[in-house]
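Heads up, model07.cif below (mmCIF, C-alpha atoms and all ligand atoms):
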```cif
data_input
#
loop_
_atom_site.label_atom_id
_atom_site.label_comp_id
_atom_site.auth_asym_id
_atom_site.auth_seq_id
_atom_site.Cartn_x
_atom_site.Cartn_y
_atom_site.Cartn_z
CA MET A 1 0.00 0.00 0.00
CA SER A 2 1.31 3.48 -0.80
CA GLN A 3 0.56 6.38 1.52
CA THR A 4 0.90 10.16 1.19
CA LEU A 5 0.16 12.50 4.08
CA PHE A 6 -0.57 16.17 3.37
CA THR A 7 0.08 18.26 6.48
CA ASN A 8 -0.55 21.91 7.44
CA ALA A 9 -3.11 22.34 4.69
CA THR A 10 -6.15 24.53 4.21
CA LEU A 11 -8.78 22.22 2.76
CA ALA A 12 -11.68 23.45 0.64
CA CYS A 13 -14.71 21.50 -0.58
CA VAL A 14 -14.75 19.20 2.41
CA ALA A 15 -17.98 17.21 2.23
CA GLY A 16 -20.90 18.37 4.32
CA GLY A 17 -19.64 21.96 4.56
CA SER A 18 -21.41 24.96 3.12
CA GLY A 19 -19.78 27.88 1.30
CA PHE A 20 -16.21 26.91 0.56
CA GLY A 21 -16.37 23.93 2.97
CA LEU A 22 -13.14 25.30 4.44
CA HIS A 23 -10.91 23.78 7.14
CA ASP A 24 -7.63 25.34 8.32
CA ASN A 25 -4.71 23.46 9.78
CA PHE A 26 -5.82 20.12 8.51
CA ALA A 27 -4.08 16.98 7.36
CA LEU A 28 -5.24 14.58 4.68
CA LEU A 29 -4.07 10.99 4.18
CA VAL A 30 -4.12 9.22 0.81
CA GLU A 31 -3.86 5.44 0.64
CA ASP A 32 -3.39 4.01 -2.83
CA ASP A 33 -5.96 5.79 -5.01
CA ARG A 34 -8.32 6.90 -2.21
CA ILE A 35 -8.65 9.59 0.44
CA ALA A 36 -8.30 7.49 3.60
CA TRP A 37 -8.57 10.12 6.34
CA LEU A 38 -8.78 13.85 6.91
CA GLY A 39 -8.93 15.87 10.10
CA PRO A 40 -7.24 18.50 12.26
CA MET A 41 -3.43 18.44 12.48
CA ALA A 42 -3.70 17.90 16.23
CA VAL A 43 -5.16 14.40 15.75
CA CYS A 44 -3.21 13.44 12.66
CA PRO A 45 -2.60 9.65 12.67
CA GLU A 46 0.99 8.47 13.25
CA THR A 47 2.49 5.94 10.90
CA ALA A 48 5.93 5.48 9.52
CA ASP A 49 7.00 4.86 5.99
CA ARG A 50 4.97 7.28 4.00
CA GLU A 51 5.57 10.39 1.97
CA ILE A 52 4.82 13.60 3.87
CA ILE A 53 3.97 16.81 2.02
CA ASP A 54 4.08 19.89 4.22
CA CYS A 55 1.62 22.24 2.50
CA GLU A 56 2.70 25.28 4.58
CA ASN A 57 -0.92 26.49 4.79
CA ARG A 58 -1.47 26.32 1.05
CA LEU A 59 -4.93 25.50 -0.26
CA LEU A 60 -5.94 21.95 -1.22
CA THR A 61 -9.01 21.36 -3.36
CA PRO A 62 -10.41 18.37 -5.19
CA GLY A 63 -9.23 18.08 -8.79
CA LEU A 64 -11.20 20.43 -11.02
CA ILE A 65 -13.86 18.97 -13.30
CA ASP A 66 -14.73 20.44 -16.69
CA CYS A 67 -18.15 18.87 -17.25
CA HIS A 68 -18.96 20.27 -20.73
CA THR A 69 -16.46 20.52 -23.58
CA HIS A 70 -16.30 19.95 -27.32
CA LEU A 71 -12.57 19.92 -27.53
CA VAL A 72 -11.98 17.27 -30.16
CA TYR A 73 -12.44 18.96 -33.55
CA GLY A 74 -10.61 19.94 -36.72
CA GLY A 75 -9.62 23.47 -37.74
CA ASP A 76 -10.67 26.71 -36.10
CA ARG A 77 -13.21 29.48 -36.68
CA ALA A 78 -11.14 32.63 -36.26
CA ASP A 79 -12.60 33.96 -39.53
CA GLU A 80 -16.13 33.78 -38.09
CA PHE A 81 -14.88 35.59 -35.02
CA GLU A 82 -13.92 38.44 -37.33
CA GLN A 83 -17.31 38.31 -39.10
CA ARG A 84 -19.12 38.50 -35.81
CA LEU A 85 -17.06 41.51 -34.79
CA GLU A 86 -18.28 43.15 -37.97
CA GLY A 87 -21.88 42.55 -36.94
CA ALA A 88 -22.94 39.08 -38.12
CA SER A 89 -24.69 37.01 -35.44
CA TYR A 90 -23.88 33.42 -34.48
CA ALA A 91 -27.29 32.33 -35.81
CA GLU A 92 -26.80 34.24 -39.12
CA ILE A 93 -23.41 32.64 -39.68
CA ALA A 94 -24.92 29.20 -38.97
CA ALA A 95 -27.82 29.86 -41.37
CA ALA A 96 -25.33 30.83 -44.11
CA GLY A 97 -23.64 27.43 -43.90
CA GLY A 98 -20.85 28.40 -41.50
CA GLY A 99 -20.89 27.72 -37.82
CA ILE A 100 -20.92 24.15 -36.55
CA VAL A 101 -21.13 22.79 -40.10
CA SER A 102 -17.80 24.36 -41.07
CA THR A 103 -16.15 22.56 -38.15
CA VAL A 104 -17.89 19.36 -39.29
CA LYS A 105 -16.15 19.63 -42.67
CA ALA A 106 -12.76 20.13 -41.04
CA THR A 107 -13.36 17.28 -38.58
CA ARG A 108 -14.47 14.81 -41.24
CA VAL A 109 -11.34 15.30 -43.33
CA ALA A 110 -9.00 15.03 -40.33
CA SER A 111 -7.58 11.64 -39.38
CA ALA A 112 -7.97 10.33 -35.84
CA ASP A 113 -4.25 11.00 -35.29
CA GLN A 114 -4.63 14.59 -36.48
CA LEU A 115 -7.63 15.17 -34.21
CA PHE A 116 -5.66 13.73 -31.31
CA GLU A 117 -2.66 15.96 -31.99
CA GLN A 118 -4.87 19.04 -32.28
CA ALA A 119 -6.73 18.26 -29.05
CA LEU A 120 -3.55 17.58 -27.03
CA PRO A 121 -2.53 21.18 -26.28
CA ARG A 122 -6.12 22.09 -25.36
CA VAL A 123 -6.35 19.26 -22.85
CA ARG A 124 -2.86 19.97 -21.49
CA GLN A 125 -3.79 23.60 -20.95
CA LEU A 126 -6.84 22.60 -18.89
CA MET A 127 -4.76 20.06 -16.98
CA SER A 128 -2.15 22.68 -16.10
CA GLU A 129 -4.85 24.39 -14.03
CA GLY A 130 -5.71 21.32 -12.02
CA VAL A 131 -8.33 19.61 -14.17
CA THR A 132 -8.48 15.88 -13.37
CA THR A 133 -11.81 15.04 -15.04
CA LEU A 134 -12.97 16.22 -18.41
CA GLU A 135 -16.11 15.60 -20.41
CA ILE A 136 -15.71 15.54 -24.19
CA LYS A 137 -18.62 15.49 -26.62
CA SER A 138 -18.82 14.20 -30.15
CA GLY A 139 -20.96 16.26 -32.52
CA TYR A 140 -18.63 17.43 -35.28
CA GLY A 141 -18.74 14.15 -37.20
CA LEU A 142 -22.50 13.85 -37.72
CA ASP A 143 -22.26 10.46 -39.37
CA CYS A 144 -21.58 7.07 -37.89
CA ASP A 145 -17.89 6.73 -38.68
CA ASN A 146 -16.92 10.29 -37.87
CA GLU A 147 -18.81 10.41 -34.57
CA ILE A 148 -17.11 7.15 -33.56
CA LYS A 149 -13.75 8.57 -34.67
CA MET A 150 -14.23 11.56 -32.35
CA LEU A 151 -15.24 9.42 -29.38
CA ARG A 152 -12.24 7.13 -29.88
CA VAL A 153 -9.96 10.17 -29.84
CA ALA A 154 -11.55 11.20 -26.53
CA GLY A 155 -10.81 7.71 -25.19
CA ARG A 156 -7.21 7.93 -26.40
CA LEU A 157 -6.74 11.27 -24.61
CA GLU A 158 -7.81 9.57 -21.39
CA ALA A 159 -5.50 6.61 -21.93
CA GLU A 160 -2.44 8.67 -22.86
CA LEU A 161 -2.78 11.71 -20.61
CA GLY A 162 -3.88 9.96 -17.44
CA LEU A 163 -6.92 12.04 -16.62
CA ARG A 164 -10.51 10.85 -16.45
CA VAL A 165 -12.48 11.54 -19.64
CA GLN A 166 -16.25 11.11 -19.85
CA LYS A 167 -17.43 10.60 -23.41
CA THR A 168 -20.76 12.12 -24.44
CA PHE A 169 -22.50 11.27 -27.71
CA LEU A 170 -23.83 14.47 -29.33
CA GLY A 171 -24.86 13.16 -32.76
CA ALA A 172 -27.80 15.59 -32.65
CA HIS A 173 -25.60 18.71 -32.51
CA SER A 174 -26.43 20.14 -35.93
CA LEU A 175 -28.01 18.99 -39.17
CA PRO A 176 -25.34 17.68 -41.58
CA PRO A 177 -25.60 19.30 -45.04
CA GLU A 178 -26.46 15.99 -46.77
CA PHE A 179 -29.71 15.90 -44.73
CA ASP A 180 -30.78 19.42 -45.66
CA GLY A 181 -34.59 19.65 -45.35
CA ARG A 182 -34.78 16.16 -43.81
CA SER A 183 -34.06 16.72 -40.15
CA ASP A 184 -36.47 14.01 -38.95
CA ASP A 185 -34.67 11.49 -41.13
CA TYR A 186 -31.37 12.52 -39.59
CA ILE A 187 -32.79 12.06 -36.09
CA SER A 188 -33.88 8.56 -37.15
CA LEU A 189 -30.32 7.80 -38.24
CA VAL A 190 -29.02 9.11 -34.90
CA CYS A 191 -31.47 6.93 -32.94
CA GLU A 192 -31.37 3.77 -35.02
CA GLU A 193 -27.78 3.60 -36.15
CA MET A 194 -25.30 6.13 -34.86
CA LEU A 195 -26.07 5.97 -31.14
CA PRO A 196 -26.54 2.18 -30.94
CA ARG A 197 -23.27 1.61 -32.82
CA ALA A 198 -21.24 4.02 -30.72
CA HIS A 199 -22.76 2.51 -27.59
CA ALA A 200 -22.00 -1.05 -28.73
CA GLU A 201 -18.34 -0.02 -28.99
CA GLY A 202 -18.39 1.13 -25.38
CA LEU A 203 -17.81 4.74 -26.40
CA VAL A 204 -20.80 6.43 -24.77
CA ASP A 205 -21.05 7.51 -21.13
CA ALA A 206 -23.97 9.89 -21.73
CA VAL A 207 -26.12 11.31 -24.54
CA ASP A 208 -26.61 15.01 -25.28
CA VAL A 209 -28.67 16.96 -27.84
CA PHE A 210 -28.69 20.61 -28.97
CA ILE A 211 -32.23 21.99 -28.82
CA GLU A 212 -32.35 25.41 -30.43
CA SER A 213 -33.80 27.28 -33.41
CA VAL A 214 -30.47 26.73 -35.22
CA ALA A 215 -30.40 23.01 -34.29
CA PHE A 216 -33.19 20.58 -33.31
CA SER A 217 -36.73 20.93 -31.97
CA VAL A 218 -37.89 19.79 -28.55
CA ALA A 219 -39.76 16.88 -30.18
CA GLN A 220 -36.63 15.79 -32.06
CA GLY A 221 -34.52 16.14 -28.94
CA GLU A 222 -37.00 14.05 -27.05
CA ARG A 223 -36.70 11.22 -29.56
CA VAL A 224 -32.95 11.10 -28.97
CA LEU A 225 -33.22 11.22 -25.19
CA ALA A 226 -35.94 8.55 -25.16
CA ARG A 227 -33.74 6.28 -27.29
CA ALA A 228 -30.81 6.87 -24.94
CA ARG A 229 -32.95 5.86 -22.00
CA GLU A 230 -33.97 2.66 -23.78
CA LEU A 231 -30.25 1.93 -23.94
CA GLU A 232 -30.00 2.84 -20.24
CA LEU A 233 -27.66 5.74 -20.90
CA PRO A 234 -27.75 8.96 -18.84
CA VAL A 235 -28.95 12.04 -20.72
CA LYS A 236 -28.31 15.79 -20.79
CA ALA A 237 -29.14 18.64 -23.16
CA HIS A 238 -28.01 22.00 -24.54
CA VAL A 239 -31.08 24.17 -24.00
CA GLU A 240 -32.31 27.76 -23.91
CA GLN A 241 -28.96 29.18 -25.11
CA LEU A 242 -30.27 31.63 -27.70
CA SER A 243 -34.04 31.36 -27.20
CA ASP A 244 -36.58 29.66 -24.92
CA GLN A 245 -37.69 26.50 -26.69
CA GLY A 246 -38.80 24.55 -23.61
CA GLY A 247 -36.02 22.00 -23.88
CA ALA A 248 -35.02 22.17 -20.23
CA VAL A 249 -38.41 21.03 -18.93
CA MET A 250 -38.48 18.17 -21.44
CA ALA A 251 -34.95 17.04 -20.54
CA ALA A 252 -35.69 17.24 -16.81
CA ALA A 253 -38.78 15.08 -17.38
CA HIS A 254 -36.38 12.49 -18.81
CA GLY A 255 -34.30 12.66 -15.64
CA ALA A 256 -31.42 14.55 -17.28
CA LEU A 257 -28.18 14.68 -15.31
CA SER A 258 -27.80 18.28 -16.45
CA VAL A 259 -29.21 20.96 -18.70
CA ASP A 260 -26.61 23.32 -20.06
CA HIS A 261 -26.44 27.04 -21.10
CA LEU A 262 -29.88 28.23 -19.80
CA GLU A 263 -29.64 31.96 -20.50
CA TYR A 264 -33.23 31.98 -21.79
CA LEU A 265 -34.64 29.57 -19.20
CA ASP A 266 -37.86 30.96 -17.72
CA SER A 267 -37.67 31.23 -13.91
CA ASP A 268 -41.01 29.45 -13.73
CA ASP A 269 -39.42 26.40 -15.30
CA VAL A 270 -36.66 26.14 -12.70
CA ALA A 271 -38.90 24.10 -10.39
CA SER A 272 -38.89 21.20 -12.84
CA LEU A 273 -35.08 21.04 -12.63
CA ALA A 274 -35.26 21.04 -8.85
CA GLN A 275 -37.80 18.23 -8.86
CA ALA A 276 -35.77 16.06 -11.21
CA GLY A 277 -32.47 16.69 -9.41
CA THR A 278 -31.06 18.04 -12.68
CA VAL A 279 -27.89 20.15 -12.47
CA ALA A 280 -27.85 23.59 -14.15
CA VAL A 281 -24.56 23.86 -16.06
CA LEU A 282 -23.73 27.49 -16.82
CA LEU A 283 -21.27 28.32 -19.60
CA PRO A 284 -20.07 31.90 -19.13
CA GLY A 285 -17.37 31.46 -21.79
CA ALA A 286 -20.01 31.15 -24.53
CA PHE A 287 -22.02 34.01 -23.02
CA TYR A 288 -18.90 36.18 -23.09
CA PHE A 289 -17.62 35.14 -26.49
CA LEU A 290 -21.00 35.59 -28.22
CA ARG A 291 -21.46 38.90 -26.39
CA GLU A 292 -24.81 37.74 -25.04
CA ARG A 293 -26.88 39.99 -22.78
CA GLN A 294 -29.56 37.73 -21.36
CA LEU A 295 -28.50 36.30 -17.97
CA PRO A 296 -29.50 32.83 -16.79
CA PRO A 297 -32.11 32.90 -13.97
CA ILE A 298 -29.56 32.67 -11.15
CA ALA A 299 -31.86 33.91 -8.38
CA ALA A 300 -34.48 31.27 -9.19
CA LEU A 301 -31.83 28.53 -9.41
CA ARG A 302 -30.56 29.51 -5.96
CA GLU A 303 -34.02 29.79 -4.51
CA GLN A 304 -35.03 26.35 -5.74
CA ARG A 305 -31.68 24.90 -4.69
CA VAL A 306 -30.77 23.63 -8.14
CA PRO A 307 -27.05 22.69 -8.08
CA ILE A 308 -25.10 25.05 -10.35
CA ALA A 309 -22.08 23.75 -12.24
CA LEU A 310 -19.70 25.67 -14.50
CA ALA A 311 -17.79 24.48 -17.54
CA SER A 312 -15.58 25.82 -20.31
CA ASP A 313 -17.78 24.64 -23.23
CA ALA A 314 -14.39 24.63 -25.01
CA ASN A 315 -15.27 24.63 -28.72
CA PRO A 316 -14.12 26.49 -31.84
CA GLY A 317 -17.31 28.50 -32.43
CA SER A 318 -18.83 29.87 -29.27
CA SER A 319 -16.24 29.36 -26.54
CA PRO A 320 -12.58 28.94 -27.50
CA VAL A 321 -11.79 29.06 -23.79
CA HIS A 322 -9.36 26.63 -22.17
CA SER A 323 -9.20 27.82 -18.59
CA LEU A 324 -11.53 26.80 -15.78
CA LEU A 325 -10.01 29.49 -13.56
CA LEU A 326 -11.05 32.11 -16.10
CA ILE A 327 -14.50 30.51 -16.27
CA MET A 328 -14.78 30.85 -12.48
CA ASN A 329 -13.87 34.51 -12.75
CA MET A 330 -16.38 35.06 -15.57
CA ALA A 331 -19.12 33.31 -13.58
CA CYS A 332 -18.51 35.82 -10.78
CA THR A 333 -18.13 38.96 -12.87
CA LEU A 334 -20.73 38.21 -15.57
CA PHE A 335 -23.28 36.05 -13.68
CA ARG A 336 -22.59 37.34 -10.16
CA LEU A 337 -21.94 33.95 -8.67
CA THR A 338 -20.00 34.03 -5.42
CA PRO A 339 -16.45 32.63 -5.47
CA ALA A 340 -17.74 29.78 -3.26
CA GLU A 341 -20.44 28.95 -5.82
CA ALA A 342 -17.83 29.12 -8.57
CA LEU A 343 -15.55 26.63 -6.80
CA ARG A 344 -18.44 24.29 -6.08
CA GLY A 345 -19.41 24.66 -9.74
CA VAL A 346 -16.15 23.15 -10.97
CA THR A 347 -15.94 20.46 -8.27
CA LEU A 348 -18.91 18.82 -6.57
CA ASN A 349 -21.66 20.17 -8.82
CA ALA A 350 -19.65 19.38 -11.94
CA ALA A 351 -19.25 15.83 -10.61
CA ARG A 352 -23.03 15.65 -10.19
CA ALA A 353 -23.53 16.88 -13.76
CA LEU A 354 -21.51 13.84 -14.86
CA GLY A 355 -23.19 11.39 -12.48
CA LEU A 356 -19.87 10.91 -10.66
CA ALA A 357 -20.57 12.59 -7.32
CA ASP A 358 -20.06 9.34 -5.36
CA GLU A 359 -16.55 9.09 -6.73
CA ILE A 360 -15.09 12.60 -7.15
CA GLY A 361 -15.79 16.30 -6.56
CA SER A 362 -15.08 16.77 -2.84
CA LEU A 363 -12.41 16.03 -0.25
CA GLU A 364 -14.08 13.17 1.51
CA THR A 365 -13.03 9.81 2.90
CA ASP A 366 -13.28 7.00 0.31
CA LYS A 367 -13.46 9.32 -2.67
CA GLN A 368 -10.80 9.05 -5.36
CA ALA A 369 -7.66 10.98 -4.40
CA ASP A 370 -7.78 13.69 -7.09
CA ILE A 371 -6.14 16.60 -5.30
CA VAL A 372 -4.73 19.98 -6.31
CA ILE A 373 -2.31 22.08 -4.26
CA TRP A 374 -2.66 25.80 -4.96
CA ASP A 375 -0.17 28.45 -3.96
CA VAL A 376 -2.87 30.59 -2.33
CA ASP A 377 -3.98 30.83 1.29
CA ARG A 378 -7.71 31.15 0.64
CA PRO A 379 -10.06 29.96 -2.08
CA SER A 380 -11.57 33.27 -3.22
CA LEU A 381 -8.19 33.99 -4.87
CA LEU A 382 -8.91 31.27 -7.46
CA SER A 383 -11.84 33.28 -8.85
CA TYR A 384 -10.38 36.70 -8.19
CA ARG A 385 -7.19 36.74 -10.21
CA VAL A 386 -7.17 36.63 -13.98
CA GLY A 387 -4.28 35.16 -15.92
CA MET A 388 -2.39 33.73 -12.96
CA ASN A 389 -2.08 29.99 -12.48
CA PRO A 390 -1.36 29.17 -8.83
CA CYS A 391 -1.59 25.39 -9.36
CA VAL A 392 1.62 23.87 -7.97
CA ALA A 393 0.87 20.15 -7.85
CA VAL A 394 -1.77 17.68 -9.00
CA MET A 395 -2.41 14.19 -7.70
CA GLN A 396 -4.72 12.00 -9.76
CA ALA A 397 -6.11 8.78 -8.27
CA GLY A 398 -3.32 8.81 -5.67
CA GLN A 399 -0.50 9.21 -8.23
CA TRP A 400 1.47 12.40 -8.68
CA ARG A 401 0.62 13.68 -12.10
CA ASP A 402 2.53 16.93 -11.84
CA ARG A 403 4.53 18.22 -8.91
CA ASN A 404 7.13 20.20 -10.76
CA ARG A 405 6.20 23.48 -9.17
CA LEU A 406 5.97 22.08 -5.66
CA VAL A 407 8.93 23.28 -3.61
CA ILE A 408 9.23 21.17 -0.50
CA ALA A 409 11.18 22.69 2.36
N1 LIG B 501 -23.72 25.15 -28.06
C1 LIG B 501 -22.51 25.67 -28.05
O1 LIG B 501 -22.19 26.64 -27.43
C2 LIG B 501 -21.64 24.84 -28.86
N2 LIG B 501 -22.49 23.79 -29.24
C3 LIG B 501 -23.68 24.02 -28.79
O2 LIG B 501 -24.58 23.24 -28.96
C4 LIG B 501 -21.16 25.59 -30.06
C5 LIG B 501 -20.47 24.69 -31.02
C6 LIG B 501 -19.90 25.43 -32.19
O3 LIG B 501 -20.27 26.58 -32.50
O4 LIG B 501 -19.03 24.81 -32.84
FE FE B 502 -21.74 23.07 -25.72
#
```

Once you've parsed the file, please lay out its structure as structure tokens.
Amino acid sequence: MSQTLFTNATLACVAGGSGFGLHDNFALLVEDDRIAWLGPMAVCPETADREIIDCENRLLTPGLIDCHTHLVYGGDRADEFEQRLEGASYAEIAAAGGGIVSTVKATRVASADQLFEQALPRVRQLMSEGVTTLEIKSGYGLDCDNEIKMLRVAGRLEAELGLRVQKTFLGAHSLPPEFDGRSDDYISLVCEEMLPRAHAEGLVDAVDVFIESVAFSVAQGERVLARARELELPVKAHVEQLSDQGGAVMAAAHGALSVDHLEYLDSDDVASLAQAGTVAVLLPGAFYFLRERQLPPIAALREQRVPIALASDANPGSSPVHSLLLIMNMACTLFRLTPAEALRGVTLNAARALGLADEIGSLETDKQADIVIWDVDRPSLLSYRVGMNPCVAVMQAGQWRDRNRLVIA
């Protein structure tokens, strides 16, 4: 058995706590891949023969979790960024054949190796800020082979980089050009062929759908989610990003793990999320990058105690953002979340959005030992500073993944 003891640490996100769940002057013991014990320094258990890390009052948090990304794709969309700055809207660009479909073209022509190489620096950037779990969606292939290619690349990133990757099938992300005018037929292909095949290959941890005027209707989204449930797969949905279509209520009725975006969610519909235990995933990077104005109904989410998670939505069109620390800052400045809500949003509530809250997301006995040491003395600093990375060491499942910046006295 291998043991590591962290001493003189400030722990955040300790289970059961509110706010930051903060504990000063604590120790935490890791045995193999698990958190075995945590408690005050004064009652720290004595045993020989283990590694001791004196944290010198630095902050320890659970590994960060990015619960919504599209970071496997070909090409980029910097040209559309320029068009939007000249006045074109995201929806107008999509309607003119750009948008998601232009990334689909670039993704289809890329080999799996090329997609892997292009995704590597994006994932490494997130990892450098303490990310230990990452969700990656398909959705730029939009046919059987290309969706499977994307999901395999996501699996290879997990295998080669040593972080946890959850793979989400998003075949219903956009209508591929060859199905122009036949969106119901495309949904049939998604339900009858693409999803079952990807699932049979063991490539699907959850199923997502984009419900929006520029994508699919609530009825079409419901067909996909119902099919996923027949296959006993967890579901989630992109909803109410640019308009209120009613997708959130439908997804919650299907027991969705999360509904994501939510700027146009009606406060009256928040109760259905609360009832279903569905997590609200907010994506301030897309809000910022698309220069949106409409804020998600934060007050109603708080009032109804809907767990709020945050994610990068890393993608080439609406959120080319590869920093969860920046996302935490944006959630505070743009959405007025508190720094404690922001930290919970990239730890415990992000774990819930992935259905992994029994395993990760808090510092708690028996959870997987995914731990970040930050060179700060209190957690509000993580949301407060922009462009600084105070991450000094990352342990993933009890193994040091990166401790190069950890100076031990
Ligand atoms: N909503 C988003 O923000 C991304 N997908 C989605 O359904 C955008 C994807 C893209 O523009 O490439
Ligand atoms: Fe998205």

Give me the residues near A:Ala15 as a PyMOL selection string, where near means some atom within 8 Å (using all atoms listed in the file) and where sequence neighbours in that chain fewer than 4 positions away do not count.
chain A and resi 21+362-364

Hey, which residues come within 8 Å of ligand FE 502 (chain B) if we count all atoms listed in the file? Could you give them as a tab-separated table (two decimals) with C-alpha atoms, in the frame of the given file?
```tsv
chain	number	residue	atom	x	y	z
A	68	HIS	CA	-18.96	20.27	-20.73
A	69	THR	CA	-16.46	20.52	-23.58
A	70	HIS	CA	-16.30	19.95	-27.32
A	238	HIS	CA	-28.01	22.00	-24.54
A	260	ASP	CA	-26.61	23.32	-20.06
A	261	HIS	CA	-26.44	27.04	-21.10
A	313	ASP	CA	-17.78	24.64	-23.23
A	314	ALA	CA	-14.39	24.63	-25.01
A	315	ASN	CA	-15.27	24.63	-28.72
```

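Using only C-alpha atoms, the nearest neighbour of A:Gly171 within the list A:Pro390, A:Gly398, A:Gly141, A:Gly155 is A:Gly141.
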
Option closest in space to A:Ala397, from A:Val30, A:Cys191, A:Leu71, A:Leu64 [counting all atoms listed in the file]
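Using all atoms listed in the file, the shortest distance to A:Ala397 belongs to A:Val30.
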
Just the number, please: distance in Å from atom CA of A:Leu257 to atom CA of A:Val165, one decimal.
16.6 Å

Each residue of chain A lying at most 7 Å from ligand LIG 501 (chain B) should get a row with its shortest atom-to-atom pair and the distance in Å to one decimal, counting all atoms listed in the file; could you produce that, ordered by chain and increasing number, as a tab-separated table?
```
residue	atom	partner	partner_atom	distance
A:Gly99	CA	B:LIG501	O3	5.5
A:Ile100	CA	B:LIG501	O4	4.2
A:Thr103	CA	B:LIG501	O4	6.4
A:His173	CA	B:LIG501	O2	5.8
A:Phe210	CA	B:LIG501	O2	4.9
A:His238	CA	B:LIG501	O2	5.7
A:Ala286	CA	B:LIG501	O1	5.8
A:Asp313	CA	B:LIG501	O1	6.4
A:Asn315	CA	B:LIG501	O4	5.6
A:Pro316	CA	B:LIG501	O4	5.3
A:Gly317	CA	B:LIG501	O3	3.5
A:Ser318	CA	B:LIG501	O3	4.8
A:Ser319	CA	B:LIG501	O1	6.6
```

Around (-38.2, 27.8, -15.7) in the file's own coordinates, what residues are found within 12 Å if you use only C-alpha atoms, given back as a ChimeraX atom specification?
/A:239-240,244-250,252,259,262-275,280,296-301,304,306

Based on the selection just made, write C-alpha atoms of those residues as a PDB file, in the frame of the given file.
```pdb
ATOM      1  CA  VAL A 239     -31.080  24.170 -24.000  1.00  0.00           C
ATOM      2  CA  GLU A 240     -32.310  27.760 -23.910  1.00  0.00           C
ATOM      3  CA  ASP A 244     -36.580  29.660 -24.920  1.00  0.00           C
ATOM      4  CA  GLN A 245     -37.690  26.500 -26.690  1.00  0.00           C
ATOM      5  CA  GLY A 246     -38.800  24.550 -23.610  1.00  0.00           C
ATOM      6  CA  GLY A 247     -36.020  22.000 -23.880  1.00  0.00           C
ATOM      7  CA  ALA A 248     -35.020  22.170 -20.230  1.00  0.00           C
ATOM      8  CA  VAL A 249     -38.410  21.030 -18.930  1.00  0.00           C
ATOM      9  CA  MET A 250     -38.480  18.170 -21.440  1.00  0.00           C
ATOM     10  CA  ALA A 252     -35.690  17.240 -16.810  1.00  0.00           C
ATOM     11  CA  VAL A 259     -29.210  20.960 -18.700  1.00  0.00           C
ATOM     12  CA  LEU A 262     -29.880  28.230 -19.800  1.00  0.00           C
ATOM     13  CA  GLU A 263     -29.640  31.960 -20.500  1.00  0.00           C
ATOM     14  CA  TYR A 264     -33.230  31.980 -21.790  1.00  0.00           C
ATOM     15  CA  LEU A 265     -34.640  29.570 -19.200  1.00  0.00           C
ATOM     16  CA  ASP A 266     -37.860  30.960 -17.720  1.00  0.00           C
ATOM     17  CA  SER A 267     -37.670  31.230 -13.910  1.00  0.00           C
ATOM     18  CA  ASP A 268     -41.010  29.450 -13.730  1.00  0.00           C
ATOM     19  CA  ASP A 269     -39.420  26.400 -15.300  1.00  0.00           C
ATOM     20  CA  VAL A 270     -36.660  26.140 -12.700  1.00  0.00           C
ATOM     21  CA  ALA A 271     -38.900  24.100 -10.390  1.00  0.00           C
ATOM     22  CA  SER A 272     -38.890  21.200 -12.840  1.00  0.00           C
ATOM     23  CA  LEU A 273     -35.080  21.040 -12.630  1.00  0.00           C
ATOM     24  CA  ALA A 274     -35.260  21.040  -8.850  1.00  0.00           C
ATOM     25  CA  GLN A 275     -37.800  18.230  -8.860  1.00  0.00           C
ATOM     26  CA  ALA A 280     -27.850  23.590 -14.150  1.00  0.00           C
ATOM     27  CA  PRO A 296     -29.500  32.830 -16.790  1.00  0.00           C
ATOM     28  CA  PRO A 297     -32.110  32.900 -13.970  1.00  0.00           C
ATOM     29  CA  ILE A 298     -29.560  32.670 -11.150  1.00  0.00           C
ATOM     30  CA  ALA A 299     -31.860  33.910  -8.380  1.00  0.00           C
ATOM     31  CA  ALA A 300     -34.480  31.270  -9.190  1.00  0.00           C
ATOM     32  CA  LEU A 301     -31.830  28.530  -9.410  1.00  0.00           C
ATOM     33  CA  GLN A 304     -35.030  26.350  -5.740  1.00  0.00           C
ATOM     34  CA  VAL A 306     -30.770  23.630  -8.140  1.00  0.00           C
TER      35      VAL A 306
END
```

So, counting all atoms listed in the file, which residue among A:Asp33, A:Asp208, A:Glu192, A:Glu92 is closest to A:Leu170?
A:Asp208

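We find atom CA of A:Gly39 and atom CA of A:Leu22 to be spaced 11.8 Å apart.
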
Here is a test: counting only C-alpha atoms, which residue of A:Ile136, A:Leu195, A:Val14, A:Ile65 is nearest to A:Ala342?
A:Ile65

Closest of A:Arg403, A:Val209, A:Gln220, A:Val214 to A:Ala94 - atom-to-atom distances counting all atoms listed in the file
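Counting all atoms listed in the file, the residue closest to A:Ala94 is A:Val214.
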
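Between A:Ala357 and the candidates A:Cys67, A:Ala276, A:Leu242, A:Leu233, the tightest atom-to-atom separation, counting only C-alpha atoms, involves A:Cys67.
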
Taken to one decimal, the atom CA of A:Leu5-atom CA of A:Ala42 distance is 13.8 Å
